[in-house]
Every structure is written in C-alpha cells, then in structure tokens.
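First the structure, in the form of structure tokens, and then the observations on it.
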Amino acid sequence: MKPIIGIAGNLLTKHAEVFHDNLVTYTPQGFVDGVQQANGLPLVFPIGNPADAKAYIDQIDGLLLAGGQDVAPSFYGAEPSLKLQETEPRRDFFEKALIEEALKQKKPIFAVCRGIQILNSVQGGTLYQDLSEYPQWSVQHLQPSIPTVGSHSVSIDSKSHLASLLGTSVLVNSYHHQAIKELATDFVATAWSTDGLVEAYEAKDPAQSIVAVQWHPELMQATDEKMQGLFNDFIERARR
C-alpha cells in the first residue's frame with residue numbers, strides 16, 4: 001500500500017481573474033509531485049474546523065506542512081510588528097490542531113518554510129516577525145533568482161538524520177522574511193545559514209519522526225535529486 005500523505009492546504013483569498021474571483025483551496029504542485037514521485041498518495045486537507053483534526057489524521061500516514069502566510073504572532077505571545085505581513089488565523093488554528101493530533105498519534109511530519117515556523121510556534125517556540133529584527137542578518141533569505149536554483153548554503157549537523165540525506169553542506173533556495181527565534185524545547189536544530197539562522201530541526205524524542213526545513217524543496221525537487229530525496233525519506237518514514 002502506498003502511504004497516504006495529508007498536505008495541509010491553503011486558501012487563495014485574493015481575487016484571481018483565472019478563477020473568476022472564486023476562492024480556491026490549493027497546495028503548490030511541487031508538494032504533490034514530490035509525494036507522488038516518492039510513491040506516496042497526496043491528500044490535500046482544506047482549511048476547516050479544528051475539531052475535525054483527529055478524523056483527518058486518522059486517515060493518513062504522514063503530515064506535510066506547507067508554506068504560505070505569516071504565522072499570527074499571538075501564537076507565540078507577541079504583538080504584531082510593523083513588518084508583519086498577511087496572516088490567516090483560520091489556517092493557523094486548523095494546522096495547530098493537525099499538528100497536535102499528529103504528534104499525539106506519532107505520525108511523521110515534514111514541515112516546509114511556514115511549516116517549520118508554525119510547528120515551532122505550536123510547541124512553544126518563537127519567531128522573528130521580520131528578518132530586520134535579527135541582529136546578525138547578513139544573508140539574502142528572499143532570493144530574486146528563479147526558485148529551482150539554490151541561492152545560499154546551509155551547514156548541517158553531521159550526526160543528524162538530515163545529514164544522512166543531504167550531507168553536511170547544501171545549497172538551498174530561500175523565500176522567507178520570518179525565521180525561528182527561540183526553538184521549542186521539543187526540537188533540536190540541525191542546520192544553519194552562515195548568518196546563524198536555524199534552517200532545519202528535528203525532534204528530540206526518537207518516537208517522533210520530524211524533519212522541518214526553512215527552504216522550499218518542492219520548488220527544487222524536479223531538478224535536484226537531494227531535494228526529491230527529502231520527499232523519498234518522508235514517504236519511507238510514513239511507511240514505517
């Protein structure tokens with residue numbers, strides 16, 4: 001049986017002529033392609049009632065948390081800064097419920113960009129609402145180049161699970177203006193940019209199978225075997 005992967009979906013709220021101004025539930029195609037190429041079955045969850053989280057998680061073998069809007073600062077006890085961008089509270093609360101249920105059921109999690117941020121926030125960590133708040137900021141984390149091309153390097157802890165997949169250094173793409181500030185105590189950082197920002201983490205508890213990355217492997221997986229390897233690993237973790 002192919003593992004079923006639940007992808008937490010997003011809602012296109014801006015008017016789009018191609019959809020005749022209708023609201024649209026979606027996930028970026030790269031997540032679908034990455035899961036399918038790894039021999040998994042993607043299942044997109046529309047934003048919904050947090051009370052339904054258990055029913056959703058019961059049906060899947062792994063949870064994928066995708067990119068998107070800023071995480072509401074109320075999730076980590078902060079007031080909105082002047083540089084906070086669009087948030088979607090309904091998505092925040094729904095994904096919070098999905099995360100809590102996935103952890104309860106010990107279902108594997110793969111978190112990407114916003115995913116790494118909301119997972120950290122739900123478990124008690126905090127975020128920089130904008131990189132301008134980070135004193136050591138010296139690397140371009142919102143690249144102007146095409147998304148299939150890596151723009152900055154990250155160093156990876158040689159003892160981490162991530163290093164077994166990517167090695168101890170890798171070039172990644174980068175499209176974020178928020179970042180991990182304080183890492184939740186449940187997690188251990190496993191990769192960093194050269195200016196010191198956390199670029200990946202894993203769970204301390206060996207019973208929890210978590211890989212969370214700040215970059216966008218779904219935008220590189222079609223041309224980069226290592227990035228597709230993150231999806232392959234996720235499917236294997238879900239299979240187990």
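By order in the structure tokens, chains are A, B, ...; within a chain, residues start at 1; ligands start at 1, following the order shown.
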A:Ala189: which residues within 10 Å, counting only C-alpha atoms, same-chain residues fewer than 3 positions away excluded, as a PyMOL selection string?
-> chain A and resi 156-157+160+183-184+192+197-204+212
Could you give me, as a ChimeraX atom specification, the residues within 9 Å of A:Asn120, counting only C-alpha atoms and dropping anything in the same chain fewer than 6 positions from it?
-> /A:126-127,180,182-184,186-187
For stretch 110-114 of chain A, list every protein, DNA or RNA residue within 10 Å, evaluated using only C-alpha atoms, and leave out those in the same chain fewer than 6 positions away; present the list as a VMD selection string.
-> chain A and resid 5 7 31 62 to 71 120 174 to 176 178 to 179 199 to 202 209 to 218 230 to 231 233 to 235 237 to 238
Please indicate the distance in Å from atom CA of A:Gly229 to atom CA of A:Lys54, rounded to one decimal place.
-> 28.7 Å
List every residue of stretch 14-185 of chain A that DSSP, applied to the backbone of this structure, places in alpha helix (DSSP H), and write the result as JSON, numbers by chain.
-> {"A": [29, 30, 31, 32, 33, 34, 35, 36, 37, 53, 54, 55, 56, 57, 58, 89, 90, 91, 92, 93, 94, 95, 96, 97, 98, 99, 100, 101, 102, 103, 104, 105, 114, 115, 116, 117, 118, 119, 120, 121, 122, 161, 162, 163, 164, 165, 166]}
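Close contacts of A:Pro73, defined as residues with an atom at most 10 Å away when counting only C-alpha atoms, with chain neighbours fewer than 5 positions off set aside, comprise Ala78, Glu79, Pro80, Ser81, Leu84, Thr87, Ser121, Thr126, Leu127, Tyr128 and Gln129 of chain A.
The shortest atom-to-atom distance to A:Ser193, with only C-alpha atoms taken into account, belongs to A:Val154 out of A:Asp21, A:Thr223, A:Asn173, A:Val154.
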Report as a ChimeraX atom specification: the residues of stretch 43-239 of chain A with a DSSP assignment of strand (DSSP E or B), based on the backbone of this structure.
-> /A:43-45,62-65,70,87,109-112,127-128,142,152-156,169-172,175,179-180,187-193,198-203,210-213
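The residue that comes closest to A:Leu41, out of A:His20, A:Lys2, A:His141, A:Arg90 and on the basis of only C-alpha atoms, is A:Lys2.
In terms of minimum interatomic distance to A:Ser145, A:Val172 ranks closest within A:Lys83, A:Gln221, A:Val172, A:Arg91, counting only C-alpha atoms.
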Mind checking which residues fall within 10 Å of A:Lys96, counting only C-alpha atoms, ignoring those fewer than 3 positions away in the same chain, and posting them as a PyMOL selection string?
-> chain A and resi 50+53+75+90-93+99-102+118-119+121-123
